[in-house]
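Read through the structure below, which is laid out as structure tokens, and then see the notes.
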Amino acid sequence: MHWITHPTYAAPQDHQQTEAYPLVVHRRSDPTINRRLVIFVHGLGGSRYGTHATWRYFPSMLFDDLPDVDIGLYSYDTALRRFGLGRSISLEDEARVFADILRDELDSYGQIVLVGHSMGGLLCKAAICALLETRQDHTVERIAGLILMATPQLGSMRVPGWLEAFSQDARALRPHGKFIDRVNTTFEDHIALDERIVTYRRQTIPTWSVEGVNDFWVDRLSSGIGLTSSRRKVVKGSHTSIVKPTSRNDSAYTWVKERIEICMTRFEHDVFVAAAMAAHEGDPAYQQSRDDVLSLVQTLRDDCGFSSIFYAGIKLPDQDSFDPKLLALQIDLATLRASRYFLLYYPERLATSALYEAGWALILGKPSLYLIRKPEDLPFLLSNAQEAFSPPLVRILTCPDIERANQHLRAFGANLFQFDPPQNL
């Protein structure tokens with residue numbers, strides 16, 4: 001991987017020097033302060049830079065318009081570039097290379113949006129499948145969105161069948177071939193495509209498609225299969241022109257930019273913190289509990305890197321300030337749904353709605369952390385939640401006091417909600 005650091009987007013003067021790197025990332029500072037990344041992946045015969053670059057002004061305009069986002073460009077050998085010793089590998093093998101880069105070299109980014117053109121969209125989907133097949137769930141979780149531009153998800157009927165004997169590209173694009181079938185089946189079984197769907201059964205990767213009305217190579221069924229009409233954008237242009245916007249008023253550019261912003265703001269909060277509130281007998285007990293939780297919130301920010309944390313008690317200094325509107329079920333569940341992770345602070349056995357929230361967090365598939373004082377205080381089903389899910393969804397930490405709870409959080413740091421293998425400390 002190669003980094004280009006510059007306050008404004010600029011292609012390297014000698015872009016041939018970057019050809020050895022599958023991924024080039026443009027950032028504004030070294031090290032980058034951004035936690036968000038958009039990666040463009042070209043298609044058959046495409047290129048990253050130069051006069052015939054696939055994306056034209058797309059990356060530079062996004063770099064200017066989204067200052068908290070870094071821009072990456074993934075390149076791989078296709079078409080004539082395949083000729084040469086050791087250069088021609090299958091799209092499936094390329095997907096494994098891409099998947100490992102997403103897992104190992106981009107782990108500093110909390111949100112990554114993949115934008116693939118044509119066969120590049122298939123490569124993006126195949127890389128996600130490779131991560132799923134090897135149980136890299138934390139990496140899949142960081143993929144915030146997928147935008148497919150003129151991507152033949154069912155293969156391309158325009159590619160002559162006889163080319164399969166000579167071309168890795170033709171084999172990958174074969175309509176209803178083994179590669180296409182495996183990728184689509186994996187997505188159908190394991191991926192929810194709508195950001196409003198949150199469930200333990202599937203990972204959610206918001207997905208959209210852009211289709212050119214004059215596209216000769218990809219038909220509408222193939223480009224938009226599995227997506228509702230609201231998730232498909234039909235624009236004027238050909239197979240290649242729709243990824244070469246000339247201005248910010250270009251409809252494809254505007255729509256893609258808006259979709260990226262939806263992906264990046266899908267989670268309003270990093271962590272939803274649940275703790276007993278009204279269940280405490282008297283205001284002194286509530287205020288002591290609140291002080292403990294606020295110290296956890298501070299540790300989550302300072303030592304774990306979570307910037308946005310929801311805890312209802314932040315705005316409720318005492319029990320007299322409780323407002324039923326703030327604690328309403330609809331608001332509570334909507335906030336939980338809009339949070340990436342869930343933390344339960346339960347140092348004593350109480351009849352509290354925090355346990356109800358813990359149950360809903362499991363239903364919504366939220367990676368959950370329980371901080372408890374005694375294992376027997378948890379309800380039976382929650383006490384066994386750590387072993388109940390595969391892959392693991394819950395971590396239970398036994399803490400004799402709030403100081404020990406904060407020590408646990410500091411020890412795990414940014415890995416607090418990565419549960420492989422499960423642990424009970």
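We label chains A, B, ... in the order they appear in the structure tokens, count residues from 1 in each chain, and number ligands from 1 in the order shown.
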Set the distance at 7 Å and use only C-alpha atoms: which residues neighbour Lys236 in chain A once local chain neighbours fewer than 5 positions away are removed? I'd like the list as a compact mmCIF listing (two decimals) with N, CA and C atoms, in the first residue's frame.
# COMPACT_ATOMS: atom_id res chain seq x y z
N GLY A 212 -26.21 3.31 -16.14
CA GLY A 212 -26.25 4.22 -17.29
C GLY A 212 -27.33 3.80 -18.24
N VAL A 213 -28.18 4.74 -18.65
CA VAL A 213 -29.31 4.39 -19.51
C VAL A 213 -28.84 3.92 -20.88
N ASN A 214 -27.63 4.29 -21.28
CA ASN A 214 -27.08 3.87 -22.56
C ASN A 214 -25.97 2.84 -22.41
Find the nearest atom pair between each residue of range 85-135 of chain A and range 2-15 of chain A for residues within 12 Å, count only C-alpha atoms, give distances in Å to one decimal, sort rows by chain and ascending number, and present the table as a tab-separated table.
residue	atom	partner	partner_atom	distance
A:Ile101	CA	A:His2	CA	11.6
A:Glu105	CA	A:His2	CA	10.4
A:Leu106	CA	A:Trp3	CA	11.5
Report task. Show which residues sit within 12 Å of Val38 in chain A, as a ChimeraX atom specification. Count only C-alpha atoms, and ignore same-chain residues fewer than 3 positions away. Result -> /A:23-27,34-35,41,58-60,62-63,66-74,102,106,109-116,142-147,256-257,259-261,263-264
Query raised in the report: DSSP on the backbone: what in range 106-280 of chain A comes out strand (DSSP E), as JSON, numbers by chain?
Result: {"A": [111, 112, 113, 114, 115, 116, 117, 143, 144, 145, 146, 147, 148, 149, 191, 192, 203, 204, 207, 208, 209, 210, 211, 212, 232, 233, 234, 235, 269, 270, 271, 272, 273, 274, 275]}
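Closest approach to Pro391 in chain A among A:Gln288, A:Gln418, A:Gln407, A:Thr335 is made by A:Gln418 (distances from only C-alpha atoms).
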Query raised in the report: Can you list every residue in range 263-393 of chain A that DSSP puts in alpha helix (DSSP H), as JSON, numbers by chain?
Result: {"A": [263, 264, 283, 284, 285, 286, 287, 288, 289, 290, 291, 292, 293, 294, 295, 296, 297, 298, 299, 300, 301, 302, 329, 330, 331, 332, 333, 334, 335, 336, 337, 353, 354, 355, 356, 357, 358, 359, 360, 361, 362, 363, 380, 381, 382, 383, 385, 386, 387, 388]}
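Reported to one decimal place, the separation of CA of Asp302 in chain A from CA of Leu355 in chain A is 26.5 Å.
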Per residue of range 253-291 of chain A within 12 Å of range 310-323 of chain A, note the shortest atom pair and the distance in Å to one decimal, counting only C-alpha atoms, and order the rows by chain and increasing residue number, as CSV.
residue,atom,partner,partner_atom,distance
A:Phe267,CA,A:Phe310,CA,11.4
A:Glu268,CA,A:Phe310,CA,9.1
A:His269,CA,A:Phe310,CA,6.4
A:Asp270,CA,A:Phe310,CA,8.0
A:Val271,CA,A:Phe310,CA,6.3
A:Phe272,CA,A:Phe310,CA,4.9
A:Val273,CA,A:Tyr311,CA,5.1
A:Ala274,CA,A:Tyr311,CA,6.7
A:Ala275,CA,A:Tyr311,CA,8.3
A:Ala276,CA,A:Gly313,CA,9.5
A:Met277,CA,A:Gly313,CA,7.6
A:Ala278,CA,A:Gln319,CA,7.1
A:Ala279,CA,A:Gln319,CA,10.2
A:His280,CA,A:Gln319,CA,9.2
A:Glu281,CA,A:Gln319,CA,10.1
A:Gly282,CA,A:Gln319,CA,7.9
A:Asp283,CA,A:Gln319,CA,5.8
A:Pro284,CA,A:Asp318,CA,8.5
A:Ala285,CA,A:Asp318,CA,9.9
A:Tyr286,CA,A:Asp318,CA,7.1
A:Gln287,CA,A:Asp318,CA,6.3
A:Gln288,CA,A:Asp318,CA,10.1
A:Ser289,CA,A:Gly313,CA,9.6
A:Arg290,CA,A:Gly313,CA,6.5
A:Asp291,CA,A:Pro317,CA,9.4
Could you list, with a cut-off of 12 Å and counting only C-alpha atoms, the residues of range 106-167 of chain A near range 181-189 of chain A, each shown with its nearest atom pair and the distance in Å rounded to one decimal, rows sorted by chain and ascending number, as a Markdown table?
| residue | atom | partner | partner_atom | distance |
| --- | --- | --- | --- | --- |
| A:Gly121 | CA | A:Val183 | CA | 11.3 |
| A:Leu122 | CA | A:Val183 | CA | 8.2 |
| A:Leu123 | CA | A:Val183 | CA | 9.7 |
| A:Cys124 | CA | A:Val183 | CA | 10.2 |
| A:Lys125 | CA | A:Val183 | CA | 6.8 |
| A:Ala126 | CA | A:Val183 | CA | 5.9 |
| A:Ala127 | CA | A:Val183 | CA | 9.3 |
| A:Ile128 | CA | A:Phe187 | CA | 8.7 |
| A:Cys129 | CA | A:Thr186 | CA | 6.4 |
| A:Ala130 | CA | A:Val183 | CA | 9.2 |
| A:Leu131 | CA | A:Thr186 | CA | 10.9 |
| A:Leu132 | CA | A:Thr186 | CA | 8.3 |
| A:Glu133 | CA | A:Thr186 | CA | 8.8 |
| A:Pro152 | CA | A:Asn184 | CA | 11.3 |
| A:Gln153 | CA | A:Asn184 | CA | 7.6 |
| A:Leu154 | CA | A:Asp181 | CA | 7.9 |
| A:Gly155 | CA | A:Asp181 | CA | 9.5 |
Let's have the selection written as a PDB file, in the first residue's frame, with N, CA, C and O atoms.
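Output file part-v9.pdb is given in full below:
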ATOM      1  N   GLY A 121     -16.877  -3.627  -9.173  1.00  0.00           N
ATOM      2  CA  GLY A 121     -17.930  -3.878  -8.204  1.00  0.00           C
ATOM      3  C   GLY A 121     -17.984  -5.339  -7.798  1.00  0.00           C
ATOM      4  O   GLY A 121     -18.198  -5.666  -6.629  1.00  0.00           O
ATOM      5  N   LEU A 122     -17.770  -6.229  -8.770  1.00  0.00           N
ATOM      6  CA  LEU A 122     -17.694  -7.664  -8.449  1.00  0.00           C
ATOM      7  C   LEU A 122     -16.512  -7.951  -7.541  1.00  0.00           C
ATOM      8  O   LEU A 122     -16.603  -8.780  -6.630  1.00  0.00           O
ATOM      9  N   LEU A 123     -15.387  -7.267  -7.783  1.00  0.00           N
ATOM     10  CA  LEU A 123     -14.213  -7.455  -6.928  1.00  0.00           C
ATOM     11  C   LEU A 123     -14.524  -7.011  -5.498  1.00  0.00           C
ATOM     12  O   LEU A 123     -14.133  -7.678  -4.531  1.00  0.00           O
ATOM     13  N   CYS A 124     -15.240  -5.906  -5.340  1.00  0.00           N
ATOM     14  CA  CYS A 124     -15.623  -5.441  -4.002  1.00  0.00           C
ATOM     15  C   CYS A 124     -16.494  -6.480  -3.306  1.00  0.00           C
ATOM     16  O   CYS A 124     -16.276  -6.817  -2.131  1.00  0.00           O
ATOM     17  N   LYS A 125     -17.491  -6.997  -4.019  1.00  0.00           N
ATOM     18  CA  LYS A 125     -18.370  -7.997  -3.425  1.00  0.00           C
ATOM     19  C   LYS A 125     -17.597  -9.270  -3.081  1.00  0.00           C
ATOM     20  O   LYS A 125     -17.813  -9.876  -2.026  1.00  0.00           O
ATOM     21  N   ALA A 126     -16.689  -9.677  -3.963  1.00  0.00           N
ATOM     22  CA  ALA A 126     -15.903 -10.889  -3.717  1.00  0.00           C
ATOM     23  C   ALA A 126     -14.979 -10.718  -2.521  1.00  0.00           C
ATOM     24  O   ALA A 126     -14.751 -11.667  -1.757  1.00  0.00           O
ATOM     25  N   ALA A 127     -14.425  -9.519  -2.329  1.00  0.00           N
ATOM     26  CA  ALA A 127     -13.569  -9.267  -1.167  1.00  0.00           C
ATOM     27  C   ALA A 127     -14.373  -9.367   0.121  1.00  0.00           C
ATOM     28  O   ALA A 127     -13.904  -9.927   1.127  1.00  0.00           O
ATOM     29  N   ILE A 128     -15.598  -8.847   0.113  1.00  0.00           N
ATOM     30  CA  ILE A 128     -16.466  -8.963   1.286  1.00  0.00           C
ATOM     31  C   ILE A 128     -16.774 -10.427   1.558  1.00  0.00           C
ATOM     32  O   ILE A 128     -16.757 -10.887   2.710  1.00  0.00           O
ATOM     33  N   CYS A 129     -17.032 -11.195   0.491  1.00  0.00           N
ATOM     34  CA  CYS A 129     -17.291 -12.631   0.654  1.00  0.00           C
ATOM     35  C   CYS A 129     -16.084 -13.346   1.252  1.00  0.00           C
ATOM     36  O   CYS A 129     -16.227 -14.224   2.111  1.00  0.00           O
ATOM     37  N   ALA A 130     -14.879 -12.967   0.808  1.00  0.00           N
ATOM     38  CA  ALA A 130     -13.664 -13.590   1.348  1.00  0.00           C
ATOM     39  C   ALA A 130     -13.533 -13.310   2.842  1.00  0.00           C
ATOM     40  O   ALA A 130     -13.116 -14.175   3.618  1.00  0.00           O
ATOM     41  N   LEU A 131     -13.907 -12.111   3.262  1.00  0.00           N
ATOM     42  CA  LEU A 131     -13.861 -11.774   4.686  1.00  0.00           C
ATOM     43  C   LEU A 131     -14.896 -12.579   5.474  1.00  0.00           C
ATOM     44  O   LEU A 131     -14.634 -13.047   6.579  1.00  0.00           O
ATOM     45  N   LEU A 132     -16.074 -12.729   4.902  1.00  0.00           N
ATOM     46  CA  LEU A 132     -17.119 -13.499   5.568  1.00  0.00           C
ATOM     47  C   LEU A 132     -16.720 -14.960   5.703  1.00  0.00           C
ATOM     48  O   LEU A 132     -16.925 -15.587   6.748  1.00  0.00           O
ATOM     49  N   GLU A 133     -16.144 -15.512   4.640  1.00  0.00           N
ATOM     50  CA  GLU A 133     -15.792 -16.930   4.644  1.00  0.00           C
ATOM     51  C   GLU A 133     -14.685 -17.256   5.632  1.00  0.00           C
ATOM     52  O   GLU A 133     -14.591 -18.380   6.117  1.00  0.00           O
ATOM     53  N   PRO A 152     -22.002  -5.659 -13.420  1.00  0.00           N
ATOM     54  CA  PRO A 152     -22.772  -6.816 -13.896  1.00  0.00           C
ATOM     55  C   PRO A 152     -22.851  -7.889 -12.806  1.00  0.00           C
ATOM     56  O   PRO A 152     -22.109  -8.876 -12.832  1.00  0.00           O
ATOM     57  N   GLN A 153     -23.754  -7.725 -11.876  1.00  0.00           N
ATOM     58  CA  GLN A 153     -23.818  -8.640 -10.740  1.00  0.00           C
ATOM     59  C   GLN A 153     -24.186 -10.068 -11.138  1.00  0.00           C
ATOM     60  O   GLN A 153     -23.876 -11.009 -10.412  1.00  0.00           O
ATOM     61  N   LEU A 154     -24.840 -10.216 -12.280  1.00  0.00           N
ATOM     62  CA  LEU A 154     -25.168 -11.547 -12.793  1.00  0.00           C
ATOM     63  C   LEU A 154     -24.246 -11.970 -13.920  1.00  0.00           C
ATOM     64  O   LEU A 154     -24.471 -12.984 -14.576  1.00  0.00           O
ATOM     65  N   GLY A 155     -23.190 -11.184 -14.151  1.00  0.00           N
ATOM     66  CA  GLY A 155     -22.317 -11.432 -15.290  1.00  0.00           C
ATOM     67  C   GLY A 155     -22.769 -10.621 -16.493  1.00  0.00           C
ATOM     68  O   GLY A 155     -23.821  -9.983 -16.480  1.00  0.00           O
TER      69      GLY A 155
END
For range 344-397 of chain A against range 411-415 of chain A, with a cut-off of 12 Å and counting only C-alpha atoms, what is the closest atom pair and its distance in Å to one decimal for every residue that makes the cut, ordered by chain and number, as a tab-separated table?
residue	atom	partner	partner_atom	distance
A:Pro367	CA	A:Asn415	CA	11.7
A:Leu369	CA	A:Phe412	CA	11.6
A:Arg395	CA	A:Phe412	CA	11.5
A:Leu397	CA	A:Phe412	CA	11.3
Requested in this report: Between CA of Ile331 in chain A and CA of Asp137 in chain A, measure the distance and give it in Å to one decimal.
Outcome: 28.8 Å
Query raised in the report: Which residue gives the smallest distance to Tyr253 in chain A among A:Arg56, A:Arg174, A:Arg266, A:Arg340, with only C-alpha atoms counted?
Result: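 Smallest distance to Tyr253 in chain A is found for A:Arg56.
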